[in-house]
Amino acid sequence: MDQQPLLIENLTRGGHYLAIDLVGMQPRTRMTLSNGFALGARVEVKLGMVSQQYVVGVPSGPTAMPPPRIHAGLGPNAEVPWLRIVWPDAILQAELELAADRTLRIEELNRMTTTCPHIFAWNGSRFELVSDFLGVGGLGYWIAPGTYATPDPTEVVPIPRLEPREGQYVIQLLESLQETVYLDEAKLIAVDHPAGTEVYPHEMMAMGVPPPPFEVFCLRGRIEPVRAVDDRGQDVTEHVRRIDRLCAGPPEPGEPLIGYAKDHFLELDFGEPLAAVPSGSRPILVLFGSTEYPYSSTNHAAYKAGLRMKAPSIHAWRGGRWVELFHEIGCPAGLQHVMTVDLSGWLQPGDRKLRLAGNMEVYWDQVFLALHDAGAPLRVKEVPAASADLHFLGYARPYRPDGRPPDLYDYGKVDRSIPWRLMQGRYTRYGEVGELLNEFDDCYAIFGRGDEVTLRFPAAAFGPVPPGCRRSFLLKTAGYTKDMDLFSAHGDTVEPLPFAGMRSYPYGPDQRYPETEKTRSYRRRYNTRVVP
C-alpha cells in the first residue's frame, strides 16, 4: 500500500497451458444449476504427482479479484490427465485426458445431488418406490442471510402396496444421492379401518403454518373436482383425477432457477357436493403430488435477484372474488407425497371453488375432498422393526417411464459407483442398528451415499384384520438430512449432530447436542466408521 506499482516480467521459458471457463447455466434449458460464472467452484488440475487447486472468484487483494477464467500452467505436459470440479451446488464432476493449449468451456452436468433418501416397499413381486422422506427435516437449508429453515424431524408416510415376504414386511431405506441421513426412529403402523373408507396421515411440508400434529384421518365419500383449470386456461380435470403421473403442471419457469416457477394457480371446482357439505363436519383436502425443491444456492441466487419463494396458498371463491384461507401454507414434502389440509371451520355454505396459488415448482397428480369420520372404529398398532441392517448397496438408477418429470428410481437397477462426495465425520458402522430406531432419542443411524437400511417387521405382530375392515400401512419416521450445498450450514461435515430440542440449525453457542451417558455410549459403540 502507498507504494509505486511494480512490474515483474516472467522470463521462464513458455510451456503448455489450459484455460478453463466454467458455466453453471444449461444453454438448452436456460436453467441455472450453479451461478453462471461458477463463482465459488473449486477446481483441481492433476499432473502426475503435481496438483494445482483453484477457487473461482476468490479475492486476490483488498480491491481486486482474478477473472473467472482459470489459467493452469502445465509446463512440458501437453495433456491434463485428470481434472476435478466441485461446483457451488456440490456437484462433483471429473474430466479426463484433456488436450492442452486451448480454452476449454465446461458446462455443469445436469445431475440432481440431493432429494432425501427413498423408501422402497416389497409389493409382492418387487421393491417398489414409495416416495422420498425426511425432506421436512432438512438441516442448514439457506433461506436468506442469517436465516435457515426450521427442520421438522417427524414424518408419517403412507405405504400403499405392502405385502409380506417370508412372514415379514420388508422396507428398504436407500440414500442414492449426495447427502447425510440421521435416522432416529422407524416404525410401521397398521391402521384397520372400516371397508369403504380411506386413511391418510395429517402431513405436509409446512411453511406458513406450524407443522401439523400427528393424526390419522378416516375419510368417507370422495368429492372430486368436476372441473380443474390452470392459469393458462387449460382444462386439467383428468390430470388430477387419479395418481398416474399425468400432472397439472409443470408450471412455466419464471426464472432459470430450479424449484422456482412463474406465479401460477390451479382452480378446482367441486360443484354442488362441496356446497352441500354439512356444517360442523371436517372436510379434508387431499393433495397428492411432487415438489422440485430449490437448493440453498438456488435460494441464494433468488435472493440476489430479488425473488421470493411463495409456497401454495389456498383461496375460496366468494362474492365474486378469491378469499385467502391459508397463506403460503406448504406443499407436498418431496417426491410422490400426500399433503392433507383440514378445512373444518374455513369453508362457508355455498363454497364450490378452491384455488391453489404460488410460484413453487409443484406437480399436482391427484386432488380430492372427503369428510373425516371421527366416529369410525379404528385400530392403530405401531410395531418396531424386528431387525434393521445398515449396509452399502449402491445408487438406484433414476428414470422416467413416460418421459415426464419428476424422476423415479429403479431398485432393480443399482449402480455401484457414482462420483458423489461424502461429508467428513463419523458415520454409523455397518450391521444391525435396530435399537437405534426404536425411540426418538437423538441416537441416530448415520449414513450417506449408497448406504441402505433394510427394515423387517414381523407380519404376525399386527394380528388378523377385523371383520368388515381393511388394513392400511404407514411408516413413522424421525430424523434429519443434510446436503453439501455451498450455502447449506455445516455442509462439509457430519457434525455438529442435530437434536430434538434444538431451536434452529445451525444452533448457537447456548445450545449443544445432549451429552448424557446414553448418547456417549451410543457414539462410542456405533459411530466408528470415520471419513477423514
# chains A, B, ... in the order shown; residues from 1 in each chain; ligands from 1
call {"tool": "closest_atom_pairs", "arguments": {"of": "segment 167-239 of chain A", "to": "segment 429-448 of chain A", "cutoff": "9 Å", "atoms": "only C-alpha atoms", "output": "JSON lines"}}
result
{"residue": "A:Glu175", "atom": "CA", "partner": "A:Gly448", "partner_atom": "CA", "distance": 6.3}
{"residue": "A:Ser176", "atom": "CA", "partner": "A:Gly448", "partner_atom": "CA", "distance": 8.4}
{"residue": "A:Leu177", "atom": "CA", "partner": "A:Gly448", "partner_atom": "CA", "distance": 8.1}
{"residue": "A:Gln178", "atom": "CA", "partner": "A:Gly448", "partner_atom": "CA", "distance": 7.2}
{"residue": "A:Glu179", "atom": "CA", "partner": "A:Gly448", "partner_atom": "CA", "distance": 5.9}
{"residue": "A:Thr180", "atom": "CA", "partner": "A:Gly448", "partner_atom": "CA", "distance": 4.6}
{"residue": "A:Val181", "atom": "CA", "partner": "A:Phe447", "partner_atom": "CA", "distance": 5.4}
{"residue": "A:Tyr182", "atom": "CA", "partner": "A:Ile446", "partner_atom": "CA", "distance": 4.7}
{"residue": "A:Leu183", "atom": "CA", "partner": "A:Ala445", "partner_atom": "CA", "distance": 5.1}
{"residue": "A:Asp184", "atom": "CA", "partner": "A:Tyr444", "partner_atom": "CA", "distance": 4.6}
{"residue": "A:Glu185", "atom": "CA", "partner": "A:Leu437", "partner_atom": "CA", "distance": 4.0}
{"residue": "A:Ala186", "atom": "CA", "partner": "A:Leu437", "partner_atom": "CA", "distance": 5.4}
{"residue": "A:Lys187", "atom": "CA", "partner": "A:Asn438", "partner_atom": "CA", "distance": 7.3}
call {"tool": "write_last_selection", "arguments": {"atoms": "C-alpha atoms", "output": "compact mmCIF listing (two decimals), in the first residue's frame"}}
result
# COMPACT_ATOMS: atom_id res chain seq x y z
CA GLU A 175 -29.70 -42.99 0.14
CA SER A 176 -28.90 -42.75 -3.56
CA LEU A 177 -27.64 -39.19 -3.63
CA GLN A 178 -25.09 -36.86 -2.08
CA GLU A 179 -26.28 -36.18 1.45
CA THR A 180 -26.08 -37.46 5.01
CA VAL A 181 -29.01 -39.05 6.82
CA TYR A 182 -29.55 -39.01 10.59
CA LEU A 183 -32.28 -41.64 11.11
CA ASP A 184 -33.60 -41.70 14.68
CA GLU A 185 -36.83 -43.71 14.54
CA ALA A 186 -38.58 -46.04 12.09
CA LYS A 187 -41.75 -47.94 12.97
call {"tool": "closest_atom_pairs", "arguments": {"of": "segment 302-420 of chain A", "to": "segment 118-142 of chain A", "cutoff": "8 Å", "atoms": "only C-alpha atoms", "output": "Markdown table"}}
result
| residue | atom | partner | partner_atom | distance |
| --- | --- | --- | --- | --- |
| A:Ala333 | CA | A:Gly135 | CA | 6.1 |
| A:Gly334 | CA | A:Asp132 | CA | 6.4 |
| A:Leu335 | CA | A:Ser131 | CA | 5.4 |
| A:Gln336 | CA | A:Ser131 | CA | 5.2 |
| A:His337 | CA | A:Ser131 | CA | 6.5 |
| A:Leu408 | CA | A:Leu129 | CA | 7.5 |
| A:Tyr409 | CA | A:Leu129 | CA | 6.7 |
| A:Asp410 | CA | A:Leu129 | CA | 7.4 |
| A:Tyr411 | CA | A:Phe127 | CA | 6.4 |
| A:Gly412 | CA | A:Phe127 | CA | 7.8 |
call {"tool": "write_last_selection", "arguments": {"atoms": "N, CA and C atoms", "output": "compact mmCIF listing (two decimals), in the first residue's frame"}}
result
# COMPACT_ATOMS: atom_id res chain seq x y z
N ALA A 333 -44.21 -32.92 0.54
CA ALA A 333 -42.85 -32.90 1.10
C ALA A 333 -41.84 -33.65 0.26
N GLY A 334 -41.90 -33.52 -1.07
CA GLY A 334 -40.90 -34.15 -1.92
C GLY A 334 -41.51 -34.94 -3.05
N LEU A 335 -40.94 -36.11 -3.31
CA LEU A 335 -41.33 -36.95 -4.44
C LEU A 335 -42.48 -37.88 -4.05
N GLN A 336 -43.60 -37.78 -4.77
CA GLN A 336 -44.77 -38.66 -4.59
C GLN A 336 -45.26 -38.63 -3.14
N HIS A 337 -45.64 -37.44 -2.69
CA HIS A 337 -46.11 -37.28 -1.32
C HIS A 337 -47.57 -36.85 -1.30
N LEU A 408 -38.28 -41.05 -11.28
CA LEU A 408 -38.48 -42.16 -10.36
C LEU A 408 -37.14 -42.88 -10.19
N TYR A 409 -37.09 -43.86 -9.28
CA TYR A 409 -35.84 -44.58 -9.03
C TYR A 409 -36.12 -46.08 -9.08
N ASP A 410 -35.27 -46.80 -9.81
CA ASP A 410 -35.46 -48.22 -10.08
C ASP A 410 -34.58 -49.03 -9.14
N TYR A 411 -35.20 -49.71 -8.17
CA TYR A 411 -34.44 -50.52 -7.22
C TYR A 411 -33.81 -51.73 -7.88
N GLY A 412 -34.34 -52.14 -9.01
CA GLY A 412 -33.79 -53.29 -9.71
C GLY A 412 -32.56 -52.98 -10.53
call {"tool": "atom_distance", "arguments": {"atom1": "atom CA of Ala19 of chain A", "atom2": "atom CA of Gly75 of chain A"}}
result
13.5 Å
call {"tool": "residues_around", "arguments": {"residues": "segment 346-352 of chain A", "least_positions_apart": "5", "cutoff": "8 Å", "atoms": "only C-alpha atoms", "output": "PyMOL selection string"}}
result
chain A and resi 269-272+274-277+279+316-318+325
call {"tool": "residues_around", "arguments": {"residues": "Ser281 of chain A", "least_positions_apart": "6", "cutoff": "8 Å", "atoms": "only C-alpha atoms", "output": "list in words"}}
result
Ser344, Leu371 and His372 of chain A
call {"tool": "select_by_dssp", "arguments": {"residues": "segment 228-455 of chain A", "states": "strand (DSSP E)", "output": "count of residues only"}}
result
99
call {"tool": "atom_distance", "arguments": {"atom1": "atom CA of Tyr295 of chain A", "atom2": "atom CA of Val414 of chain A"}}
result
25.2 Å
call {"tool": "residues_around", "arguments": {"residues": "segment 484-495 of chain A", "least_positions_apart": "4", "cutoff": "6 Å", "atoms": "only C-alpha atoms", "output": "ChimeraX atom specification"}}
result
/A:88-90,140-142,296-297,423-425
call {"tool": "closest_residue", "arguments": {"among": "A:Leu390, A:Ile243, A:Leu378, A:Leu11", "to": "Gly468 of chain A", "atoms": "only C-alpha atoms"}}
result
A:Leu378
call {"tool": "closest_atom_pairs", "arguments": {"of": "segment 444-467 of chain A", "to": "segment 193-199 of chain A", "cutoff": "12 Å", "atoms": "only C-alpha atoms", "output": "CSV"}}
result
residue,atom,partner,partner_atom,distance
A:Val465,CA,A:His193,CA,9.2
A:Pro466,CA,A:His193,CA,8.7
A:Pro467,CA,A:Pro194,CA,8.8
call {"tool": "closest_residue", "arguments": {"among": "A:Cys331, A:Ala386, A:Leu162, A:Leu174", "to": "Ala461 of chain A", "atoms": "only C-alpha atoms"}}
result
A:Ala386
call {"tool": "atom_distance", "arguments": {"atom1": "atom CA of Ile70 of chain A", "atom2": "atom CA of Asp21 of chain A"}}
result
6.7 Å
call {"tool": "closest_residue", "arguments": {"among": "A:Val80, A:Ala149, A:Val170, A:Ile106", "to": "Gly48 of chain A", "atoms": "only C-alpha atoms"}}
result
A:Val80
call {"tool": "residues_around", "arguments": {"residues": "Asp192 of chain A", "least_positions_apart": "2", "cutoff": "9 Å", "atoms": "only C-alpha atoms", "output": "ChimeraX atom specification"}}
result
/A:190,194,377-381,465-466,469-473
call {"tool": "write_last_selection", "arguments": {"atoms": "C-alpha atoms", "output": "PDB file, in the first residue's frame"}}
result
ATOM      1  CA  ALA A 190     -51.071 -50.699  10.708  1.00  0.00           C
ATOM      2  CA  PRO A 194     -63.995 -49.842   8.036  1.00  0.00           C
ATOM      3  CA  PRO A 377     -63.734 -47.573  14.765  1.00  0.00           C
ATOM      4  CA  LEU A 378     -60.003 -47.512  14.042  1.00  0.00           C
ATOM      5  CA  ARG A 379     -57.472 -49.962  15.359  1.00  0.00           C
ATOM      6  CA  VAL A 380     -53.969 -48.470  15.193  1.00  0.00           C
ATOM      7  CA  LYS A 381     -50.987 -50.670  16.004  1.00  0.00           C
ATOM      8  CA  VAL A 465     -57.708 -57.851  10.152  1.00  0.00           C
ATOM      9  CA  PRO A 466     -61.062 -57.466  11.967  1.00  0.00           C
ATOM     10  CA  CYS A 469     -62.288 -53.774   7.901  1.00  0.00           C
ATOM     11  CA  ARG A 470     -59.324 -53.267   5.625  1.00  0.00           C
ATOM     12  CA  ARG A 471     -55.727 -52.549   6.615  1.00  0.00           C
ATOM     13  CA  SER A 472     -53.543 -49.643   5.560  1.00  0.00           C
ATOM     14  CA  PHE A 473     -49.891 -49.121   6.439  1.00  0.00           C
TER      15      PHE A 473
END
call {"tool": "decode", "arguments": {"residues": "segment 442-476 of chain A", "atoms": "N, CA and C atoms", "output": "PDB file, in the first residue's frame"}}
result
ATOM      1  N   ASP A 442     -32.383 -38.992  19.852  1.00  0.00           N
ATOM      2  CA  ASP A 442     -31.119 -38.367  19.446  1.00  0.00           C
ATOM      3  C   ASP A 442     -29.975 -39.358  19.290  1.00  0.00           C
ATOM      4  N   CYS A 443     -30.279 -40.638  19.180  1.00  0.00           N
ATOM      5  CA  CYS A 443     -29.282 -41.666  18.892  1.00  0.00           C
ATOM      6  C   CYS A 443     -29.550 -42.176  17.471  1.00  0.00           C
ATOM      7  N   TYR A 444     -28.719 -41.786  16.534  1.00  0.00           N
ATOM      8  CA  TYR A 444     -29.032 -41.939  15.120  1.00  0.00           C
ATOM      9  C   TYR A 444     -28.272 -43.080  14.463  1.00  0.00           C
ATOM     10  N   ALA A 445     -28.896 -43.637  13.433  1.00  0.00           N
ATOM     11  CA  ALA A 445     -28.161 -44.382  12.415  1.00  0.00           C
ATOM     12  C   ALA A 445     -27.756 -43.346  11.371  1.00  0.00           C
ATOM     13  N   ILE A 446     -26.460 -43.054  11.301  1.00  0.00           N
ATOM     14  CA  ILE A 446     -25.953 -42.013  10.412  1.00  0.00           C
ATOM     15  C   ILE A 446     -25.348 -42.683   9.185  1.00  0.00           C
ATOM     16  N   PHE A 447     -25.848 -42.343   8.009  1.00  0.00           N
ATOM     17  CA  PHE A 447     -25.348 -42.972   6.785  1.00  0.00           C
ATOM     18  C   PHE A 447     -25.383 -41.993   5.638  1.00  0.00           C
ATOM     19  N   GLY A 448     -24.653 -42.344   4.562  1.00  0.00           N
ATOM     20  CA  GLY A 448     -24.507 -41.437   3.434  1.00  0.00           C
ATOM     21  C   GLY A 448     -24.733 -42.120   2.107  1.00  0.00           C
ATOM     22  N   ARG A 449     -24.086 -41.602   1.093  1.00  0.00           N
ATOM     23  CA  ARG A 449     -24.296 -42.032  -0.298  1.00  0.00           C
ATOM     24  C   ARG A 449     -24.179 -43.548  -0.446  1.00  0.00           C
ATOM     25  N   GLY A 450     -25.147 -44.148  -1.120  1.00  0.00           N
ATOM     26  CA  GLY A 450     -25.113 -45.574  -1.412  1.00  0.00           C
ATOM     27  C   GLY A 450     -25.475 -46.485  -0.266  1.00  0.00           C
ATOM     28  N   ASP A 451     -25.677 -45.935   0.939  1.00  0.00           N
ATOM     29  CA  ASP A 451     -26.000 -46.762   2.100  1.00  0.00           C
ATOM     30  C   ASP A 451     -27.502 -47.036   2.170  1.00  0.00           C
ATOM     31  N   GLU A 452     -27.846 -48.164   2.782  1.00  0.00           N
ATOM     32  CA  GLU A 452     -29.230 -48.597   2.866  1.00  0.00           C
ATOM     33  C   GLU A 452     -29.494 -49.219   4.234  1.00  0.00           C
ATOM     34  N   VAL A 453     -30.706 -49.001   4.737  1.00  0.00           N
ATOM     35  CA  VAL A 453     -31.180 -49.696   5.932  1.00  0.00           C
ATOM     36  C   VAL A 453     -32.336 -50.600   5.510  1.00  0.00           C
ATOM     37  N   THR A 454     -32.208 -51.895   5.778  1.00  0.00           N
ATOM     38  CA  THR A 454     -33.278 -52.852   5.498  1.00  0.00           C
ATOM     39  C   THR A 454     -34.070 -53.072   6.775  1.00  0.00           C
ATOM     40  N   LEU A 455     -35.346 -52.709   6.755  1.00  0.00           N
ATOM     41  CA  LEU A 455     -36.235 -52.874   7.904  1.00  0.00           C
ATOM     42  C   LEU A 455     -37.101 -54.109   7.692  1.00  0.00           C
ATOM     43  N   ARG A 456     -37.197 -54.932   8.735  1.00  0.00           N
ATOM     44  CA  ARG A 456     -38.059 -56.119   8.679  1.00  0.00           C
ATOM     45  C   ARG A 456     -38.996 -56.092   9.879  1.00  0.00           C
ATOM     46  N   PHE A 457     -40.297 -56.173   9.571  1.00  0.00           N
ATOM     47  CA  PHE A 457     -41.339 -56.157  10.599  1.00  0.00           C
ATOM     48  C   PHE A 457     -42.095 -57.479  10.550  1.00  0.00           C
ATOM     49  N   PRO A 458     -42.235 -58.180  11.663  1.00  0.00           N
ATOM     50  CA  PRO A 458     -42.966 -59.460  11.637  1.00  0.00           C
ATOM     51  C   PRO A 458     -44.438 -59.237  11.336  1.00  0.00           C
ATOM     52  N   ALA A 459     -44.936 -59.891  10.287  1.00  0.00           N
ATOM     53  CA  ALA A 459     -46.332 -59.713   9.897  1.00  0.00           C
ATOM     54  C   ALA A 459     -47.283 -60.175  10.986  1.00  0.00           C
ATOM     55  N   ALA A 460     -46.894 -61.207  11.736  1.00  0.00           N
ATOM     56  CA  ALA A 460     -47.778 -61.749  12.777  1.00  0.00           C
ATOM     57  C   ALA A 460     -47.997 -60.769  13.916  1.00  0.00           C
ATOM     58  N   ALA A 461     -47.088 -59.782  14.062  1.00  0.00           N
ATOM     59  CA  ALA A 461     -47.205 -58.842  15.174  1.00  0.00           C
ATOM     60  C   ALA A 461     -48.429 -57.944  15.050  1.00  0.00           C
ATOM     61  N   PHE A 462     -48.999 -57.841  13.857  1.00  0.00           N
ATOM     62  CA  PHE A 462     -50.144 -56.953  13.649  1.00  0.00           C
ATOM     63  C   PHE A 462     -51.474 -57.662  13.849  1.00  0.00           C
ATOM     64  N   GLY A 463     -51.470 -58.989  13.910  1.00  0.00           N
ATOM     65  CA  GLY A 463     -52.702 -59.726  14.120  1.00  0.00           C
ATOM     66  C   GLY A 463     -53.586 -59.744  12.890  1.00  0.00           C
ATOM     67  N   PRO A 464     -54.731 -60.455  12.983  1.00  0.00           N
ATOM     68  CA  PRO A 464     -55.643 -60.534  11.837  1.00  0.00           C
ATOM     69  C   PRO A 464     -56.418 -59.231  11.650  1.00  0.00           C
ATOM     70  N   VAL A 465     -56.874 -59.017  10.447  1.00  0.00           N
ATOM     71  CA  VAL A 465     -57.708 -57.851  10.152  1.00  0.00           C
ATOM     72  C   VAL A 465     -59.123 -58.134  10.650  1.00  0.00           C
ATOM     73  N   PRO A 466     -59.706 -57.228  11.459  1.00  0.00           N
ATOM     74  CA  PRO A 466     -61.062 -57.466  11.967  1.00  0.00           C
ATOM     75  C   PRO A 466     -62.082 -57.581  10.835  1.00  0.00           C
ATOM     76  N   PRO A 467     -63.152 -58.329  11.047  1.00  0.00           N
ATOM     77  CA  PRO A 467     -64.198 -58.451  10.021  1.00  0.00           C
ATOM     78  C   PRO A 467     -64.766 -57.076   9.653  1.00  0.00           C
ATOM     79  N   GLY A 468     -65.033 -56.900   8.372  1.00  0.00           N
ATOM     80  CA  GLY A 468     -65.603 -55.653   7.894  1.00  0.00           C
ATOM     81  C   GLY A 468     -64.608 -54.518   7.781  1.00  0.00           C
ATOM     82  N   CYS A 469     -63.316 -54.814   7.951  1.00  0.00           N
ATOM     83  CA  CYS A 469     -62.288 -53.774   7.901  1.00  0.00           C
ATOM     84  C   CYS A 469     -61.271 -54.079   6.811  1.00  0.00           C
ATOM     85  N   ARG A 470     -60.497 -53.100   6.473  1.00  0.00           N
ATOM     86  CA  ARG A 470     -59.324 -53.267   5.625  1.00  0.00           C
ATOM     87  C   ARG A 470     -58.144 -52.616   6.331  1.00  0.00           C
ATOM     88  N   ARG A 471     -56.936 -53.001   5.931  1.00  0.00           N
ATOM     89  CA  ARG A 471     -55.727 -52.549   6.615  1.00  0.00           C
ATOM     90  C   ARG A 471     -54.900 -51.657   5.694  1.00  0.00           C
ATOM     91  N   SER A 472     -54.458 -50.542   6.259  1.00  0.00           N
ATOM     92  CA  SER A 472     -53.543 -49.643   5.560  1.00  0.00           C
ATOM     93  C   SER A 472     -52.296 -49.468   6.409  1.00  0.00           C
ATOM     94  N   PHE A 473     -51.165 -49.236   5.737  1.00  0.00           N
ATOM     95  CA  PHE A 473     -49.891 -49.121   6.439  1.00  0.00           C
ATOM     96  C   PHE A 473     -49.325 -47.711   6.316  1.00  0.00           C
ATOM     97  N   LEU A 474     -48.694 -47.276   7.409  1.00  0.00           N
ATOM     98  CA  LEU A 474     -47.993 -46.003   7.458  1.00  0.00           C
ATOM     99  C   LEU A 474     -46.607 -46.255   8.028  1.00  0.00           C
ATOM    100  N   LEU A 475     -45.605 -45.601   7.465  1.00  0.00           N
ATOM    101  CA  LEU A 475     -44.256 -45.673   8.021  1.00  0.00           C
ATOM    102  C   LEU A 475     -43.996 -44.413   8.827  1.00  0.00           C
ATOM    103  N   LYS A 476     -43.769 -44.599  10.117  1.00  0.00           N
ATOM    104  CA  LYS A 476     -43.493 -43.477  11.019  1.00  0.00           C
ATOM    105  C   LYS A 476     -41.988 -43.314  11.147  1.00  0.00           C
TER     106      LYS A 476
END
